[in-house]
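Asks: Below is target33.cif; it holds mmCIF, C-alpha atoms and all ligand atoms.
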data_entry
loop_
_atom_site.label_atom_id
_atom_site.label_comp_id
_atom_site.auth_asym_id
_atom_site.auth_seq_id
_atom_site.Cartn_x
_atom_site.Cartn_y
_atom_site.Cartn_z
CA MET A 10 0.00 0.00 0.00
CA GLY A 11 2.87 2.35 0.81
CA LYS A 12 4.15 2.17 -2.72
CA ILE A 13 0.79 2.87 -4.29
CA THR A 14 0.11 5.74 -1.95
CA SER A 15 3.43 7.37 -2.77
CA ALA A 16 2.87 6.92 -6.52
CA LEU A 17 -0.51 8.59 -6.25
CA LYS A 18 0.81 11.31 -3.96
CA LYS A 19 3.31 12.14 -6.66
CA ALA A 20 0.50 12.31 -9.24
CA ALA A 21 -1.47 14.60 -6.92
CA GLU A 22 1.52 16.84 -6.41
CA GLU A 23 1.81 17.10 -10.15
CA ARG A 24 -1.90 17.99 -10.14
CA LEU A 25 -2.54 15.31 -12.69
CA TYR A 26 -5.28 13.40 -10.97
CA ARG A 27 -7.73 13.63 -8.17
CA ILE A 28 -7.64 10.86 -5.65
CA ASP A 29 -10.53 9.77 -3.50
CA LYS A 30 -10.46 7.20 -0.77
CA ILE A 31 -13.17 4.75 0.14
CA ALA A 32 -12.97 2.87 3.42
CA LYS A 33 -12.74 -0.87 3.55
CA ILE A 34 -16.17 -2.44 3.27
CA ARG A 35 -16.12 -4.91 6.13
CA GLU A 36 -18.31 -7.90 6.60
CA GLU A 37 -19.57 -6.54 9.95
CA SER A 38 -20.41 -3.11 8.50
CA ARG A 39 -22.38 -4.84 5.75
CA LEU A 40 -24.47 -6.53 8.39
CA VAL A 41 -25.37 -3.33 10.23
CA VAL A 42 -26.37 -1.45 7.10
CA ARG A 43 -30.04 -0.55 7.46
CA LYS A 44 -31.59 -2.39 4.58
CA MET A 45 -34.90 -1.03 3.40
CA GLY A 46 -37.73 -3.50 3.76
CA ASN A 47 -37.10 -6.55 1.67
CA SER A 48 -34.93 -4.75 -0.89
CA ARG A 49 -32.88 -7.06 -3.05
CA VAL A 50 -30.21 -4.43 -3.64
CA ASP A 51 -26.83 -5.60 -2.30
CA SER A 52 -25.91 -4.07 1.06
CA ARG A 53 -22.56 -2.90 -0.35
CA ILE A 54 -24.46 -0.21 -2.24
CA VAL A 55 -24.28 1.67 1.05
CA SER A 56 -25.22 5.05 -0.51
CA TYR A 57 -28.61 3.55 -1.33
CA PHE A 58 -29.38 2.37 2.17
CA ASP A 59 -27.56 4.53 4.67
CA PRO A 60 -27.14 8.27 4.06
CA LYS A 61 -25.10 8.73 7.25
CA ALA A 62 -22.56 5.94 6.89
CA LEU A 63 -18.90 6.87 6.65
CA ILE A 64 -18.63 5.17 3.28
CA THR A 65 -21.66 7.04 1.93
CA GLU A 66 -19.91 10.26 2.94
CA GLN A 67 -16.80 9.18 1.07
CA TYR A 68 -18.81 8.42 -2.07
CA LYS A 69 -20.29 11.91 -1.71
CA VAL A 70 -16.78 13.37 -1.66
CA LEU A 71 -16.06 11.37 -4.80
CA ARG A 72 -19.27 12.81 -6.30
CA THR A 73 -18.30 16.36 -5.33
CA ASN A 74 -14.88 15.94 -6.84
CA PHE A 75 -16.35 14.44 -9.98
CA LEU A 76 -18.82 17.33 -10.33
CA SER A 77 -16.10 19.91 -9.87
CA LEU A 78 -13.88 18.43 -12.58
CA ASN A 79 -13.05 20.69 -15.47
CA LYS A 80 -14.20 23.80 -13.58
CA GLY A 81 -17.62 22.34 -12.86
CA ARG A 82 -18.17 20.86 -16.30
CA PRO A 83 -17.49 17.20 -15.57
CA PRO A 84 -17.37 14.57 -18.31
CA LYS A 85 -20.83 13.49 -19.41
CA THR A 86 -19.55 10.04 -20.23
CA MET A 87 -17.13 8.35 -17.85
CA VAL A 88 -15.68 4.85 -17.81
CA ILE A 89 -14.87 3.16 -14.51
CA THR A 90 -12.13 0.59 -14.63
CA SER A 91 -9.16 -0.86 -12.71
CA SER A 92 -5.92 -2.64 -13.46
CA LEU A 93 -6.92 -6.03 -12.06
CA HIS A 94 -10.13 -7.91 -11.34
CA SER A 95 -12.06 -7.43 -8.10
CA GLU A 96 -10.64 -4.05 -7.11
CA GLY A 97 -14.11 -2.65 -6.42
CA LYS A 98 -15.02 -1.06 -9.77
CA THR A 99 -18.65 -2.09 -9.90
CA ILE A 100 -19.44 -1.35 -6.24
CA THR A 101 -17.72 2.05 -6.53
CA ALA A 102 -19.54 2.87 -9.78
CA LEU A 103 -22.92 1.85 -8.34
CA ASN A 104 -22.40 3.95 -5.21
CA LEU A 105 -21.27 6.93 -7.27
CA ALA A 106 -24.30 6.55 -9.54
CA VAL A 107 -26.68 6.49 -6.54
CA SER A 108 -24.88 9.42 -4.96
CA LEU A 109 -25.13 11.45 -8.16
CA ALA A 110 -28.82 10.56 -8.48
CA HIS A 111 -29.41 11.97 -4.98
CA THR A 112 -28.07 15.44 -5.80
CA VAL A 113 -30.62 18.21 -5.38
CA HIS A 114 -31.24 19.01 -9.02
CA LYS A 115 -31.81 15.29 -9.74
CA PRO A 116 -29.67 14.83 -12.84
CA LYS A 117 -30.60 12.00 -15.16
CA ILE A 118 -28.01 9.26 -14.75
CA LEU A 119 -27.43 6.18 -16.87
CA MET A 120 -25.13 3.44 -15.74
CA ILE A 121 -24.13 0.97 -18.45
CA ASP A 122 -22.70 -2.44 -17.68
CA ALA A 123 -20.07 -2.78 -20.41
CA ASP A 124 -18.43 -5.76 -18.73
CA LEU A 125 -19.78 -8.13 -21.37
CA ARG A 126 -17.75 -11.02 -19.97
CA ARG A 127 -18.98 -11.05 -16.38
CA GLY A 128 -21.26 -8.06 -15.92
CA ARG A 129 -22.86 -8.04 -12.51
CA ILE A 130 -24.76 -4.79 -12.18
CA SER A 131 -28.21 -6.37 -12.40
CA LYS A 132 -27.10 -9.04 -9.93
CA TYR A 133 -25.86 -6.43 -7.42
CA LEU A 134 -29.20 -4.67 -7.79
CA GLY A 135 -31.19 -7.87 -7.38
CA VAL A 136 -32.94 -7.46 -10.72
CA GLU A 137 -33.57 -10.17 -13.32
CA GLN A 138 -32.72 -8.59 -16.64
CA GLU A 139 -32.50 -10.68 -19.75
CA LYS A 140 -31.58 -8.21 -22.47
CA GLY A 141 -28.64 -5.88 -22.21
CA LEU A 142 -25.82 -4.15 -24.02
CA THR A 143 -24.83 -7.29 -25.96
CA GLU A 144 -28.30 -7.55 -27.50
CA ILE A 145 -28.35 -3.86 -28.38
CA LEU A 146 -24.95 -4.05 -30.05
CA GLU A 147 -25.95 -7.20 -31.92
CA GLY A 148 -29.11 -5.46 -33.15
CA LYS A 149 -31.31 -7.92 -31.25
CA GLY A 150 -33.10 -5.52 -28.97
CA LEU A 151 -34.34 -2.00 -28.43
CA LEU A 152 -32.58 0.39 -26.09
CA GLU A 153 -35.58 0.46 -23.74
CA GLU A 154 -35.57 -3.34 -23.48
CA ALA A 155 -32.05 -3.33 -22.07
CA MET A 156 -32.73 -0.65 -19.48
CA PHE A 157 -34.17 -1.00 -16.01
CA HIS A 158 -34.71 0.99 -12.81
CA ILE A 159 -34.70 0.45 -9.10
CA ASP A 160 -36.76 2.92 -7.08
CA LEU A 161 -34.74 6.02 -8.00
CA GLU A 162 -36.49 7.41 -11.03
CA ASN A 163 -33.63 9.58 -12.30
CA LEU A 164 -31.24 6.61 -12.25
CA THR A 165 -31.40 4.18 -15.16
CA PHE A 166 -29.31 1.05 -15.64
CA MET A 167 -28.39 -0.93 -18.70
CA ALA A 168 -27.47 -4.55 -18.03
CA SER A 169 -24.66 -6.32 -19.87
CA GLY A 170 -26.92 -9.01 -21.35
CA SER A 171 -25.71 -12.38 -22.55
CA VAL A 172 -22.00 -13.15 -22.90
CA PRO A 173 -21.08 -12.76 -26.59
CA PRO A 174 -18.28 -14.68 -28.34
CA ASN A 175 -16.59 -11.40 -29.33
CA PRO A 176 -16.90 -8.78 -26.56
CA SER A 177 -13.99 -6.55 -27.67
CA GLU A 178 -15.20 -6.44 -31.27
CA LEU A 179 -18.74 -5.57 -30.19
CA LEU A 180 -17.44 -2.75 -27.99
CA ALA A 181 -15.27 -1.48 -30.83
CA SER A 182 -18.19 -1.50 -33.28
CA ASP A 183 -19.99 1.49 -34.76
CA ALA A 184 -23.05 0.31 -32.87
CA MET A 185 -21.28 1.07 -29.58
CA ARG A 186 -20.13 4.46 -30.79
CA ASN A 187 -23.69 5.27 -31.91
CA LEU A 188 -25.14 4.06 -28.63
CA ILE A 189 -22.87 6.33 -26.58
CA HIS A 190 -23.72 9.21 -28.84
CA GLU A 191 -27.43 8.57 -28.42
CA VAL A 192 -27.48 8.18 -24.63
CA ARG A 193 -25.22 11.19 -24.22
CA GLY A 194 -28.06 13.29 -25.57
CA LYS A 195 -30.67 11.68 -23.33
CA PHE A 196 -28.92 11.70 -19.96
CA ASP A 197 -26.94 14.22 -17.93
CA TYR A 198 -24.27 11.70 -16.96
CA VAL A 199 -23.42 8.27 -18.31
CA LEU A 200 -21.22 5.99 -16.18
CA ILE A 201 -19.82 2.91 -17.90
CA ASP A 202 -18.53 -0.06 -15.93
CA THR A 203 -15.87 -2.15 -17.68
CA PRO A 204 -13.59 -5.16 -17.12
CA PRO A 205 -10.02 -4.72 -15.80
CA ILE A 206 -7.49 -3.18 -18.18
CA ILE A 207 -4.59 -5.56 -17.79
CA SER A 208 -6.45 -8.72 -18.77
CA VAL A 209 -8.54 -7.52 -21.73
CA THR A 210 -8.60 -4.55 -24.05
CA ASP A 211 -12.27 -3.64 -23.51
CA ALA A 212 -11.77 -0.78 -21.03
CA GLY A 213 -9.34 0.97 -23.37
CA ILE A 214 -11.76 0.62 -26.27
CA VAL A 215 -14.71 2.04 -24.34
CA GLY A 216 -12.45 4.52 -22.55
CA ALA A 217 -11.54 6.06 -25.88
CA LEU A 218 -15.24 6.60 -26.62
CA ALA A 219 -15.88 8.31 -23.28
CA GLU A 220 -14.70 11.71 -22.11
CA GLY A 221 -12.85 10.39 -19.11
CA VAL A 222 -11.74 7.28 -17.25
CA LEU A 223 -11.77 6.79 -13.49
CA MET A 224 -9.34 4.14 -12.26
CA VAL A 225 -10.15 2.17 -9.12
CA ILE A 226 -7.18 0.84 -7.16
CA GLN A 227 -7.49 -1.60 -4.32
CA ALA A 228 -5.16 -0.37 -1.60
CA GLY A 229 -2.93 -3.00 -0.07
CA ARG A 230 -3.08 -5.22 -3.13
CA THR A 231 -2.32 -3.62 -6.48
CA GLN A 232 1.35 -2.82 -7.01
CA ARG A 233 2.59 0.44 -8.44
CA GLY A 234 4.08 -1.26 -11.52
CA ILE A 235 0.70 -2.74 -12.37
CA VAL A 236 -1.02 0.63 -12.05
CA ASP A 237 1.69 2.15 -14.25
CA ARG A 238 1.14 -0.57 -16.86
CA ALA A 239 -2.63 -0.07 -16.78
CA THR A 240 -2.14 3.68 -17.15
CA GLU A 241 0.12 3.11 -20.13
CA LEU A 242 -2.45 0.82 -21.77
CA LEU A 243 -5.16 3.45 -21.31
CA HIS A 244 -2.88 6.06 -22.77
CA GLN A 245 -2.09 3.87 -25.78
CA ALA A 246 -5.81 3.37 -26.35
CA HIS A 247 -6.26 7.19 -26.35
CA ALA A 248 -8.42 7.09 -23.25
CA ARG A 249 -8.18 10.04 -20.86
CA LEU A 250 -7.50 9.17 -17.23
CA ILE A 251 -9.14 11.76 -15.00
CA GLY A 252 -8.80 10.35 -11.52
CA HIS A 253 -8.13 7.51 -9.14
CA VAL A 254 -10.21 6.02 -6.37
CA LEU A 255 -8.50 3.98 -3.70
CA THR A 256 -10.73 1.32 -2.16
CA ASN A 257 -10.19 -0.86 0.85
CA ILE A 258 -8.63 1.91 2.96
CA GLU A 259 -8.04 0.80 6.55
CA TYR A 260 -9.01 3.31 9.21
CA HIS A 261 -7.73 2.74 12.68
CA LEU A 262 -10.35 4.65 14.62
CA PRO A 263 -13.90 3.34 15.04
CA GLU A 264 -16.29 4.34 12.28
CA TYR A 265 -18.48 6.48 14.61
CA ILE A 266 -15.58 8.88 15.17
CA TYR A 267 -15.30 9.52 11.45
CA ARG A 268 -19.02 9.72 11.03
CA TYR A 269 -19.32 13.27 12.34
CA LEU A 270 -15.98 14.69 11.32
N1 LIG B 301 -14.32 0.04 -0.57
C1 LIG B 301 -14.15 -1.29 -0.54
N2 LIG B 301 -13.42 -1.87 0.45
C2 LIG B 301 -13.22 -3.18 0.51
N3 LIG B 301 -13.72 -4.07 -0.36
C3 LIG B 301 -14.45 -3.56 -1.37
C4 LIG B 301 -14.70 -2.16 -1.53
N4 LIG B 301 -15.45 -1.98 -2.65
C5 LIG B 301 -15.66 -3.22 -3.14
N5 LIG B 301 -15.06 -4.16 -2.39
C6 LIG B 301 -15.07 -5.61 -2.55
O1 LIG B 301 -14.33 -5.96 -3.67
C7 LIG B 301 -14.89 -7.15 -4.27
C8 LIG B 301 -15.07 -6.87 -5.72
O2 LIG B 301 -16.04 -5.82 -5.88
P1 LIG B 301 -16.53 -5.40 -7.32
O3 LIG B 301 -17.41 -6.45 -7.90
O4 LIG B 301 -17.07 -4.02 -7.19
O5 LIG B 301 -15.12 -5.38 -8.04
P2 LIG B 301 -14.81 -5.28 -9.58
O6 LIG B 301 -13.51 -4.55 -9.67
O7 LIG B 301 -15.97 -4.72 -10.29
O8 LIG B 301 -14.60 -6.81 -9.96
P3 LIG B 301 -14.54 -7.43 -11.44
O9 LIG B 301 -13.14 -7.22 -11.93
O10 LIG B 301 -14.86 -8.89 -11.21
O11 LIG B 301 -15.56 -6.72 -12.28
C9 LIG B 301 -16.18 -7.43 -3.55
O12 LIG B 301 -15.99 -8.50 -2.67
C10 LIG B 301 -16.46 -6.15 -2.82
O13 LIG B 301 -17.13 -6.39 -1.61
MG MG B 302 -17.05 -5.39 -11.95
#
So that I can check it, write out the structure of this file as structure tokens.

Replies:
Amino acid sequence: MGKITSALKKAAEERLYRIDKIAKIREESRLVVRKMGNSRVDSRIVSYFDPKALITEQYKVLRTNFLSLNKGRPPKTMVITSSLHSEGKTITALNLAVSLAHTVHKPKILMIDADLRRGRISKYLGVEQEKGLTEILEGKGLLEEAMFHIDLENLTFMASGSVPPNPSELLASDAMRNLIHEVRGKFDYVLIDTPPIISVTDAGIVGALAEGVLMVIQAGRTQRGIVDRATELLHQAHARLIGHVLTNIEYHLPEYIYRYL
């Protein structure tokens, strides 16, 4: 973790990137999250359930920093990715999407699951959704058929759909370019969840179609060299890295002390 932190500190000093930190989501904190009724939404989407939780506050800081990007004109289309698998991309993107949806002027948000290999957004939200991005890109479905809501009306989701034989080619197709163009006109912000950069090329492809890329880094796990390599791959793909989010940050004081800071 030390190495990563110093690499990012250097980036911050150079004023290249913003860095936000999200506390470790612990098993015990998941259990105390106040779940609403019999909601099927995963308890790790803390921003949805618990407005006062420390982690919700940290996602709000991430939201504030996102909204203040580019002198208050943040990217309308942003890809969320990470170097490796399981760094917390999807959970971070879902919490950011909910947090953005809660802002006072209620912007219209679309979150697209562009992880065509193992997309899990609908699963995290507890929704059965058959059609998704794959079907749209293959011309086998209408946009509306791939979209769904939970109970936040200004927040729309697009599932990944079935696993295609050629995910990278589908994402690199004109159909994907057209889709992003279309939804950009219909929503205020479009967040796009993708697979990790090191293993497959998908995030670079979609990153190049979006205005910015947010890179999630799991503190205590991902080495600096790997982050550097992922950054290089994004750069080669002509994607624009606009910030980092560190997940899994260990705090050494009890959560209630942070709660009211
Ligand atoms: N802030 C956090 N602190 C600790 N663990 C976290 C945090 N955010 C997410 N996780 C955990 O990381 C694991 C992976 O989460 P998630 O599915 O969001 O990752 P991912 O990067 O999207 O994975 P994949 O590469 O498979 O798409 C989950 O077990 C989740 O609970
Ligand atoms: Mg994911």

Asks: Write out as a PyMOL selection string the residues lying within 12 Å of range 104-115 of chain A, counting all atoms listed in the file and excluding same-chain residues fewer than 5 positions away.

Replies: chain A and resi 29+31+50-60+64-76+87+89+97-99+120-121+130+133-134+158-166+196-202+223+254

Asks: Write a file of the selected residues as a tab-separated table (two decimals), in the frame of the given file, keeping C-alpha atoms.

Replies:
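Listed below is the output, out03.tsv:
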chain	number	residue	atom	x	y	z
A	29	ASP	CA	-10.53	9.77	-3.50
A	31	ILE	CA	-13.17	4.75	0.14
A	50	VAL	CA	-30.21	-4.43	-3.64
A	51	ASP	CA	-26.83	-5.60	-2.30
A	52	SER	CA	-25.91	-4.07	1.06
A	53	ARG	CA	-22.56	-2.90	-0.35
A	54	ILE	CA	-24.46	-0.21	-2.24
A	55	VAL	CA	-24.28	1.67	1.05
A	56	SER	CA	-25.22	5.05	-0.51
A	57	TYR	CA	-28.61	3.55	-1.33
A	58	PHE	CA	-29.38	2.37	2.17
A	59	ASP	CA	-27.56	4.53	4.67
A	60	PRO	CA	-27.14	8.27	4.06
A	64	ILE	CA	-18.63	5.17	3.28
A	65	THR	CA	-21.66	7.04	1.93
A	66	GLU	CA	-19.91	10.26	2.94
A	67	GLN	CA	-16.80	9.18	1.07
A	68	TYR	CA	-18.81	8.42	-2.07
A	69	LYS	CA	-20.29	11.91	-1.71
A	70	VAL	CA	-16.78	13.37	-1.66
A	71	LEU	CA	-16.06	11.37	-4.80
A	72	ARG	CA	-19.27	12.81	-6.30
A	73	THR	CA	-18.30	16.36	-5.33
A	74	ASN	CA	-14.88	15.94	-6.84
A	75	PHE	CA	-16.35	14.44	-9.98
A	76	LEU	CA	-18.82	17.33	-10.33
A	87	MET	CA	-17.13	8.35	-17.85
A	89	ILE	CA	-14.87	3.16	-14.51
A	97	GLY	CA	-14.11	-2.65	-6.42
A	98	LYS	CA	-15.02	-1.06	-9.77
A	99	THR	CA	-18.65	-2.09	-9.90
A	120	MET	CA	-25.13	3.44	-15.74
A	121	ILE	CA	-24.13	0.97	-18.45
A	130	ILE	CA	-24.76	-4.79	-12.18
A	133	TYR	CA	-25.86	-6.43	-7.42
A	134	LEU	CA	-29.20	-4.67	-7.79
A	158	HIS	CA	-34.71	0.99	-12.81
A	159	ILE	CA	-34.70	0.45	-9.10
A	160	ASP	CA	-36.76	2.92	-7.08
A	161	LEU	CA	-34.74	6.02	-8.00
A	162	GLU	CA	-36.49	7.41	-11.03
A	163	ASN	CA	-33.63	9.58	-12.30
A	164	LEU	CA	-31.24	6.61	-12.25
A	165	THR	CA	-31.40	4.18	-15.16
A	166	PHE	CA	-29.31	1.05	-15.64
A	196	PHE	CA	-28.92	11.70	-19.96
A	197	ASP	CA	-26.94	14.22	-17.93
A	198	TYR	CA	-24.27	11.70	-16.96
A	199	VAL	CA	-23.42	8.27	-18.31
A	200	LEU	CA	-21.22	5.99	-16.18
A	201	ILE	CA	-19.82	2.91	-17.90
A	202	ASP	CA	-18.53	-0.06	-15.93
A	223	LEU	CA	-11.77	6.79	-13.49
A	254	VAL	CA	-10.21	6.02	-6.37

Asks: Please extract the residues at most 9 Å from ligand MG 302 (chain B), counting all atoms listed in the file, and provide them as a ChimeraX atom specification, using the chain letters and residue numbers of this document.

Replies: /A:90,94-100,102,122,124,127-130,202-205

Asks: Keeping only C-alpha atoms, write the selected residues to a file as a PDB file, in the coordinates of the input.

Replies:
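What ended up in out-v9.pdb:
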ATOM      1  CA  THR A  90     -12.130   0.590 -14.630  1.00  0.00           C
ATOM      2  CA  HIS A  94     -10.130  -7.910 -11.340  1.00  0.00           C
ATOM      3  CA  SER A  95     -12.060  -7.430  -8.100  1.00  0.00           C
ATOM      4  CA  GLU A  96     -10.640  -4.050  -7.110  1.00  0.00           C
ATOM      5  CA  GLY A  97     -14.110  -2.650  -6.420  1.00  0.00           C
ATOM      6  CA  LYS A  98     -15.020  -1.060  -9.770  1.00  0.00           C
ATOM      7  CA  THR A  99     -18.650  -2.090  -9.900  1.00  0.00           C
ATOM      8  CA  ILE A 100     -19.440  -1.350  -6.240  1.00  0.00           C
ATOM      9  CA  ALA A 102     -19.540   2.870  -9.780  1.00  0.00           C
ATOM     10  CA  ASP A 122     -22.700  -2.440 -17.680  1.00  0.00           C
ATOM     11  CA  ASP A 124     -18.430  -5.760 -18.730  1.00  0.00           C
ATOM     12  CA  ARG A 127     -18.980 -11.050 -16.380  1.00  0.00           C
ATOM     13  CA  GLY A 128     -21.260  -8.060 -15.920  1.00  0.00           C
ATOM     14  CA  ARG A 129     -22.860  -8.040 -12.510  1.00  0.00           C
ATOM     15  CA  ILE A 130     -24.760  -4.790 -12.180  1.00  0.00           C
ATOM     16  CA  ASP A 202     -18.530  -0.060 -15.930  1.00  0.00           C
ATOM     17  CA  THR A 203     -15.870  -2.150 -17.680  1.00  0.00           C
ATOM     18  CA  PRO A 204     -13.590  -5.160 -17.120  1.00  0.00           C
ATOM     19  CA  PRO A 205     -10.020  -4.720 -15.800  1.00  0.00           C
TER      20      PRO A 205
END

Asks: Mind giving me the straight-line distance from atom O7 of ligand LIG 301 (chain B) to CA of Met224 in chain A in Å, one decimal?

Replies: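 Interatomic distance, atom O7 of ligand LIG 301 (chain B) to CA of Met224 in chain A: 11.2 Å.
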
Asks: So, with all atoms listed in the file as the atoms that count, which of A:Gly135, A:Gly252, A:Gly170, A:Gly229 lies closest to ligand LIG 301 (chain B)?

Replies: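 Counting all atoms listed in the file, the residue closest to ligand LIG 301 (chain B) is A:Gly229.
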
Asks: Select, from A:Ala181, A:Leu188, A:Val236, A:Ala123, the residue with the minimum atom-to-atom distance to ligand LIG 301 (chain B), counting all atoms listed in the file.

Replies: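 Ranked by minimum distance to ligand LIG 301 (chain B), first place goes to A:Ala123.
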